[in-house]
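Heads up, the thing below is written out as structure tokens.
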Amino acid sequence: MVVGKVTLEYPVAVSVELLCKVAFSGDVSIFTKACVGMIDAVEVDGDGGPGTVTTMKLNPAVGDAKGFKTRLLSRDAVARVVKSEMVVEGSELSVQFNSQVSEVKVVPAGEGASVVHMTVEYERVDGALLPQEEEARIGQGYLGPIKKVEEYLVAHPTEFA
């Protein structure tokens with residue numbers, strides 16, 4: 001099987017510490033508050049460590065997707081790297097994908113700024129690669145919540161500091 005790969009870099013106008021605290025620490029309450037209007041609900045099954053399954057219900061205003069489910073593979077708070085896999089079994093994604101694994105690393109980019117480095121590797125059921133526009137759509141889907149968190153934190157810089 002062929003493994004496709006989407007890589008993105010996204011500059012964020014928020015410090016590494018604050019972005020990681022809100023978006024990647026596993027604290028569902030602050031994450032959902034920062035993603036209001038995009039993510040309506042988050043359910044967590046597990047202790048927050050590897051194997052924890054997170055289900056996110058998307059707001060209907062976001063588009064056709066109703067939600068998604070991920071399984072945490074690893075979280076390194078010191079290196080600021082989170083690796084997870086999309087749970088495709090039993091979902092609409094199972095028609096198209098065997099697997100979809102993402103890795104997000106956040107690095108400093110000066111005072112009050114950071115850069116998100118994201119890699120998404122996928123394996124399709126038919127063994128083919130996705131067209132570039134579909135790969136771009138997948139990348140933007142993963143970046144959507146990060147952009148929403150950034151937007152919230154820029155508007156409310158001291159709320160979670």
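Here's how to read the names in the structure tokens: chain A, B, ... by the order shown, residue numbers from 1 in each chain, ligand numbers from 1 in the order shown.
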
How close does stretch 89-130 of chain A get to stretch 54-70 of chain A? List, as a Markdown table, each residue of stretch 89-130 of chain A within 10 Å, its nearest atom pair and the distance in Å to one decimal, counting only C-alpha atoms.
```
| residue | atom | partner | partner_atom | distance |
| --- | --- | --- | --- | --- |
| A:Glu89 | CA | A:Lys69 | CA | 9.9 |
| A:Ser91 | CA | A:Phe68 | CA | 8.4 |
| A:Glu92 | CA | A:Phe68 | CA | 9.5 |
| A:Leu93 | CA | A:Phe68 | CA | 9.3 |
| A:Gln100 | CA | A:Thr70 | CA | 9.6 |
| A:Val101 | CA | A:Thr70 | CA | 9.2 |
| A:Ser102 | CA | A:Thr70 | CA | 9.7 |
```

Using DSSP secondary structure from the backbone, list all strand (DSSP E or B) positions within stretch 13-133 of chain A, as a ChimeraX atom specification. /A:39-45,53-58,67-76,81-86,97-108,114-124

Check your understanding: So which residues touch A:Val95 within 10 Å, counting only C-alpha atoms, skipping near sequence neighbours fewer than 5 positions away, as number ranges by chain?
Key -> A: 88-90, 124-126

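Distance check against A:Glu151 using only C-alpha atoms: of A:Leu73, A:Tyr122, A:Ala34, A:Lys21, the minimum falls on A:Ala34.
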
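Considering the residues A:Val116, A:Gly26, A:Gln132, A:Pro50 and counting only C-alpha atoms, A:Lys147 has its shortest atom-to-atom contact with A:Val116.
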
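Separating atom CA of A:Val107 from atom CA of A:Ala13 is a distance of 12.1 Å.
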
Filtered DSSP result for chain A, state alpha helix (DSSP H), as an MDAnalysis selection string: chainID A and resid 16:19 28:34 132:155

Of A:Val106, A:Val2, A:Val78, A:Ala161, the one nearest to A:Ile30 when counting only C-alpha atoms is A:Ala161
